[in-house]
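A quick write-up on the structure given underneath.
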Amino acid sequence: MSVAKLITLNFRNLHGAAIEFHPRLNFFVGDNGSGKSSLLEAIFFLGHGKSFRTSKLDSLACHETKSFVVSVKDSNDCQLGLSRDITSGLTTIKIDGQRHNRLSVLAKNIAIQIVTPESFKLFFGGPKERRRFIDLGMFHVKHDFSNQWKSFNRVLKQRNACIRLCARSNSIADNNMLSYWTEQFCQLSIDVAQIRATYVAEIITELNYWLVILLPSLHDRVTVQYLQGWPQKKSLIDVLTNNQDREASFGYSLYGAHKFDVKFFLDKQAVETQLSRGQQKLFLLALTFAQASFIARVKPVKPILLIDDIGAELDVSSRTALSRAIDKLDCQVIITAIEASVLQPFLDTCDDIKYRMFHVKHGKISVIYPDNSELNTSEKVI
């Protein structure tokens with residue numbers, strides 16, 4: 001699956017854009033603030049129902065407008081649309097004209113992977129960022145994970161409430177209730193940890209392949225550690241029993257599947273302390289490619305890869321390696337750049353009419369290649 005056409009109305013600074021994409025490779029060139037990142041944000045919004053730049057959805061609307069719409073038609077002629085009414089705070093989801101209530105339905109129709117300057121949070125933002133990265137991939141390829149995760153979070157909330165209640169009252173009834181929820185919590189933690197461990201092992205295999213292309217001199221020195229959320233050689237129930245007083249003082253569960261982490265090492269040292277900024281970006285790209293290629297292999301809906309500001313941190317040799325990697329990736333790729341000159345390594349590997357290039361200026365988008373024309377903005381959005 002690929003995006004064939006994107007239509008926006010009142011989204012950020014985009015001028016009612018209606019953009020026809022190449023099914024494989026697309027470049028958007030323009031100055032900072034021209035609207036390039038807003039374009040990627042619109043596509044990301046359709047895949048996740050949220051922005052990668054802000055948690056305030058109402059700020060996505062163009063200045064002084066009260067609503068916005070983002071819609072795509074994919075390569076299978078399926079139309080997906082999201083609209084947001086600022087006054088009511090209501091988000092409307094439509095797939096082929098039919099309304100849906102859950103944002104999770106989007107993941108069944110479109111899979112978005114993204115690398116932005118903010119992606120470095122994967123290294124520096126703590127376990128929360130790595131958990132988010134892994135779980136977003138799992139939602140696409142592990143069909144039972146979504147329901148498992150919802151059940152786990154429901155039980156986690158119940159157990160945390162019981163921990164706080166027992167800390168105040170310490171009654172037999174409350175302790176019995178905590179024991180009940182702890183039993184449920186342990187079983188669900190084990191189930192979630194097992195499916196995550198399988199997924200991480202599969203991603204590590206994919207990661208090795210992409211590291212050979214993107215960081216060939218370092219790939220055999222990289223190791224990945226999966227931490228399930230409690231000591232590997234101890235049962236979760238024993239860990240929780242031994243930490244009852246600590247949990248009571250904190251007021252929440254200190255161990256369990258919600259505390260898992262994935263750590264990346266180079267020569268047994270954290271990669272962020274050993275790699276240059278450019279190497280870190282290549283590592284992030286290899287990890288994102290690993291997840292995207294795994295999704296493409298196991299899911300009918302192929303992922304769409306968004307890469308913002310391709311020229312940042314990457315020299316010519318790094319961009320050349322990246323162009324070879326993209327050529328091997330079985331999905332649609334959309335790339336932004338400030339200057340067209342940084343794209344030359346990618347263009348050198350392209351055959352005729354294997355890509356489209358656009359220019360973005362003040363939210364207005366025009367085609368540079370293969371034909372030089374203003375985009376049609378008369379499309380009707382859903």
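Naming works like this for the structure tokens: A, B, ... for the chains as they're shown, residue 1 at the start of each chain, ligands 1 onward in shown order.
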Problem set entry | strand (DSSP E or B) per DSSP on the backbone: members of region 2-92 of chain A, as a PyMOL selection string | chain A and resi 3-9+11+18-20+25-29+61+67-74+79-85+90-92
For this session: Tell me, as a ChimeraX atom specification, which residues lie within 12 Å of Ser341 (chain A), counting only C-alpha atoms; anything in the same chain fewer than 4 positions away does not count.
Result: /A:27,29-30,310-311,315-316,319,337,345-348
Please dump the current selection as a PDB file, in the first residue's frame; keep C-alpha atoms.
```pdb
ATOM      1  CA  PHE A  27      11.214  14.353  -2.268  1.00  0.00           C
ATOM      2  CA  VAL A  29      12.459  20.576  -0.953  1.00  0.00           C
ATOM      3  CA  GLY A  30      12.049  23.970   0.691  1.00  0.00           C
ATOM      4  CA  ILE A 310      17.536  14.215   5.288  1.00  0.00           C
ATOM      5  CA  GLY A 311      20.575  16.473   5.059  1.00  0.00           C
ATOM      6  CA  ASP A 315      27.583  13.631   5.026  1.00  0.00           C
ATOM      7  CA  VAL A 316      27.771  12.544   1.383  1.00  0.00           C
ATOM      8  CA  ARG A 319      23.609   9.713   2.295  1.00  0.00           C
ATOM      9  CA  ALA A 337      15.278  18.442   2.507  1.00  0.00           C
ATOM     10  CA  PRO A 345      23.204  10.572  -3.902  1.00  0.00           C
ATOM     11  CA  PHE A 346      19.559   9.426  -4.011  1.00  0.00           C
ATOM     12  CA  LEU A 347      18.953  10.717  -7.513  1.00  0.00           C
ATOM     13  CA  ASP A 348      22.087   8.977  -8.791  1.00  0.00           C
TER      14      ASP A 348
END
```
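Counting only C-alpha atoms and comparing A:Arg324, A:Lys268, A:Lys263, A:Arg356, the residue that lies closest to Gly126 (chain A) is A:Lys263.
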Using only C-alpha atoms, I'd like a table of the residues in region 59-95 of chain A that come within 12 Å of region 104-109 of chain A; for each, show the closest atom pair and its distance in Å rounded to one decimal, ordered by chain and ascending number, as a Markdown table.
```
| residue | atom | partner | partner_atom | distance |
| --- | --- | --- | --- | --- |
| A:Val72 | CA | A:Asn109 | CA | 11.1 |
| A:Lys73 | CA | A:Asn109 | CA | 11.1 |
| A:Asp74 | CA | A:Asn109 | CA | 9.3 |
| A:Ser75 | CA | A:Asn109 | CA | 11.4 |
| A:Asn76 | CA | A:Asn109 | CA | 10.4 |
| A:Asp77 | CA | A:Asn109 | CA | 11.7 |
| A:Cys78 | CA | A:Asn109 | CA | 8.7 |
| A:Gln79 | CA | A:Asn109 | CA | 9.7 |
| A:Leu80 | CA | A:Leu106 | CA | 8.3 |
| A:Gly81 | CA | A:Leu106 | CA | 9.6 |
| A:Leu82 | CA | A:Leu106 | CA | 9.8 |
| A:Thr92 | CA | A:Leu106 | CA | 11.9 |
| A:Ile93 | CA | A:Leu106 | CA | 8.6 |
| A:Lys94 | CA | A:Leu106 | CA | 9.5 |
| A:Ile95 | CA | A:Leu106 | CA | 8.6 |
```
How would the residues just chosen look if you wrote them out with N, CA and C atoms as a PDB file, in the first residue's frame?
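Output (again-v4.pdb):
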```pdb
ATOM      1  N   VAL A  72      -6.579  10.855   2.456  1.00  0.00           N
ATOM      2  CA  VAL A  72      -5.727  10.219   1.450  1.00  0.00           C
ATOM      3  C   VAL A  72      -6.517   9.188   0.668  1.00  0.00           C
ATOM      4  N   LYS A  73      -6.102   9.008  -0.564  1.00  0.00           N
ATOM      5  CA  LYS A  73      -6.538   7.860  -1.356  1.00  0.00           C
ATOM      6  C   LYS A  73      -5.307   6.998  -1.565  1.00  0.00           C
ATOM      7  N   ASP A  74      -5.405   5.704  -1.217  1.00  0.00           N
ATOM      8  CA  ASP A  74      -4.225   4.859  -1.310  1.00  0.00           C
ATOM      9  C   ASP A  74      -4.179   4.129  -2.642  1.00  0.00           C
ATOM     10  N   SER A  75      -3.146   3.327  -2.832  1.00  0.00           N
ATOM     11  CA  SER A  75      -2.936   2.632  -4.104  1.00  0.00           C
ATOM     12  C   SER A  75      -3.985   1.565  -4.370  1.00  0.00           C
ATOM     13  N   ASN A  76      -4.748   1.198  -3.341  1.00  0.00           N
ATOM     14  CA  ASN A  76      -5.847   0.244  -3.508  1.00  0.00           C
ATOM     15  C   ASN A  76      -7.182   0.954  -3.682  1.00  0.00           C
ATOM     16  N   ASP A  77      -7.143   2.264  -3.911  1.00  0.00           N
ATOM     17  CA  ASP A  77      -8.320   3.099  -4.123  1.00  0.00           C
ATOM     18  C   ASP A  77      -9.193   3.202  -2.872  1.00  0.00           C
ATOM     19  N   CYS A  78      -8.593   2.970  -1.715  1.00  0.00           N
ATOM     20  CA  CYS A  78      -9.292   3.163  -0.444  1.00  0.00           C
ATOM     21  C   CYS A  78      -9.075   4.596   0.023  1.00  0.00           C
ATOM     22  N   GLN A  79     -10.134   5.248   0.490  1.00  0.00           N
ATOM     23  CA  GLN A  79     -10.026   6.623   0.936  1.00  0.00           C
ATOM     24  C   GLN A  79     -10.183   6.707   2.456  1.00  0.00           C
ATOM     25  N   LEU A  80      -9.207   7.331   3.106  1.00  0.00           N
ATOM     26  CA  LEU A  80      -9.218   7.514   4.552  1.00  0.00           C
ATOM     27  C   LEU A  80      -9.229   9.004   4.854  1.00  0.00           C
ATOM     28  N   GLY A  81     -10.057   9.409   5.816  1.00  0.00           N
ATOM     29  CA  GLY A  81     -10.120  10.821   6.167  1.00  0.00           C
ATOM     30  C   GLY A  81     -10.244  11.043   7.653  1.00  0.00           C
ATOM     31  N   LEU A  82      -9.610  12.095   8.136  1.00  0.00           N
ATOM     32  CA  LEU A  82      -9.726  12.528   9.528  1.00  0.00           C
ATOM     33  C   LEU A  82     -10.046  14.016   9.523  1.00  0.00           C
ATOM     34  N   THR A  92     -13.485  13.215  13.632  1.00  0.00           N
ATOM     35  CA  THR A  92     -14.287  12.298  12.820  1.00  0.00           C
ATOM     36  C   THR A  92     -13.374  11.454  11.941  1.00  0.00           C
ATOM     37  N   ILE A  93     -13.593  10.155  11.968  1.00  0.00           N
ATOM     38  CA  ILE A  93     -12.810   9.210  11.177  1.00  0.00           C
ATOM     39  C   ILE A  93     -13.707   8.610  10.103  1.00  0.00           C
ATOM     40  N   LYS A  94     -13.243   8.633   8.866  1.00  0.00           N
ATOM     41  CA  LYS A  94     -13.994   8.015   7.774  1.00  0.00           C
ATOM     42  C   LYS A  94     -13.075   7.126   6.940  1.00  0.00           C
ATOM     43  N   ILE A  95     -13.557   5.941   6.607  1.00  0.00           N
ATOM     44  CA  ILE A  95     -12.865   5.038   5.691  1.00  0.00           C
ATOM     45  C   ILE A  95     -13.852   4.649   4.604  1.00  0.00           C
TER      46      ILE A  95
END
```
With a cut-off of 10 Å, could you pull out the residues of region 245-302 of chain A touching region 180-194 of chain A and give me the nearest pair of atoms for each, distance in Å to one decimal, using only C-alpha atoms, ordered by chain and ascending number, as a Markdown table?
```
| residue | atom | partner | partner_atom | distance |
| --- | --- | --- | --- | --- |
| A:Ser253 | CA | A:Thr182 | CA | 9.6 |
| A:Tyr255 | CA | A:Ser189 | CA | 9.3 |
| A:Gly256 | CA | A:Ser189 | CA | 5.7 |
| A:Ala257 | CA | A:Ser189 | CA | 4.7 |
| A:His258 | CA | A:Ser189 | CA | 7.9 |
| A:Lys259 | CA | A:Ser189 | CA | 9.9 |
| A:Phe260 | CA | A:Ala193 | CA | 8.0 |
```
For the selection you just gave me, I'd like the residues written to a file as a JSON list (two decimals), in the first residue's frame, keeping C-alpha atoms.
```json
[["chain", "number", "residue", "atom", "x", "y", "z"],
["A", 253, "SER", "CA", 3.43, -0.81, 40.50],
["A", 255, "TYR", "CA", 7.68, -3.79, 38.21],
["A", 256, "GLY", "CA", 5.81, -5.43, 35.36],
["A", 257, "ALA", "CA", 5.39, -5.35, 31.59],
["A", 258, "HIS", "CA", 4.82, -1.57, 31.65],
["A", 259, "LYS", "CA", 8.45, -1.11, 32.75],
["A", 260, "PHE", "CA", 10.14, -2.97, 29.89]]
```
Exercise. How far is it from CA of Glu20 (chain A) to CA of Ala4 (chain A), in Å with one decimal?
Worked result: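 CA of Ala4 (chain A) lies 5.7 Å from CA of Glu20 (chain A).
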Seminar exercise, completed: Min atom-atom distance to Tyr252 (chain A) from the set A:Ile163, A:Ile195, A:Ile326, A:Ala173, counting only C-alpha atoms, belongs to A:Ile163
Problem set entry | Closest of A:Ile19, A:Ile110, A:Leu214, A:Leu266 to Ile304 (chain A) - atom-to-atom distances counting only C-alpha atoms | A:Ile110
Exercise. Using only C-alpha atoms, which residues sit within 7 Å of Phe52 (chain A) once same-chain residues fewer than 2 positions away are excluded, as a list in words?
Worked result: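 Surrounding residues, per the criterion: Glu41, Lys50 and Thr54 of chain A.
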Just the selected residues (N, CA and C atoms), exported as an mmCIF file, in the first residue's frame, please.
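The resulting file, again16.cif, is shown below:
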```cif
data_model
loop_
_atom_site.group_PDB
_atom_site.id
_atom_site.type_symbol
_atom_site.label_atom_id
_atom_site.label_comp_id
_atom_site.auth_asym_id
_atom_site.auth_seq_id
_atom_site.Cartn_x
_atom_site.Cartn_y
_atom_site.Cartn_z
ATOM 1 N N GLU A 41 3.580 15.716 8.782
ATOM 2 C CA GLU A 41 2.702 15.682 9.951
ATOM 3 C C GLU A 41 1.279 15.283 9.554
ATOM 4 N N LYS A 50 -2.741 11.447 15.773
ATOM 5 C CA LYS A 50 -2.051 12.437 16.589
ATOM 6 C C LYS A 50 -0.868 12.979 15.803
ATOM 7 N N THR A 54 3.257 17.932 18.342
ATOM 8 C CA THR A 54 2.539 18.556 19.445
ATOM 9 C C THR A 54 1.442 17.625 19.949
#
```
Problem set entry | Residue neighbourhood Glu247 (chain A), 12 Å, only C-alpha atoms, exclusion window fewer than 5 positions, as number ranges by chain | A: 159-167, 178, 239-242, 252-255
For this session: Quote the spacing between CA of Cys350 (chain A) and CA of Arg24 (chain A) in Å to one decimal place.
Result: 10.6 Å
For this session: Fewer than 5 positions away in the same chain doesn't count, so skip those; otherwise give me all residues within 12 Å of region 290-298 of chain A, counting only C-alpha atoms, as number ranges by chain.
Result: A: 1-2, 107-108, 110-115, 133-143, 199-214, 283-285, 303-306, 325-326, 328-333
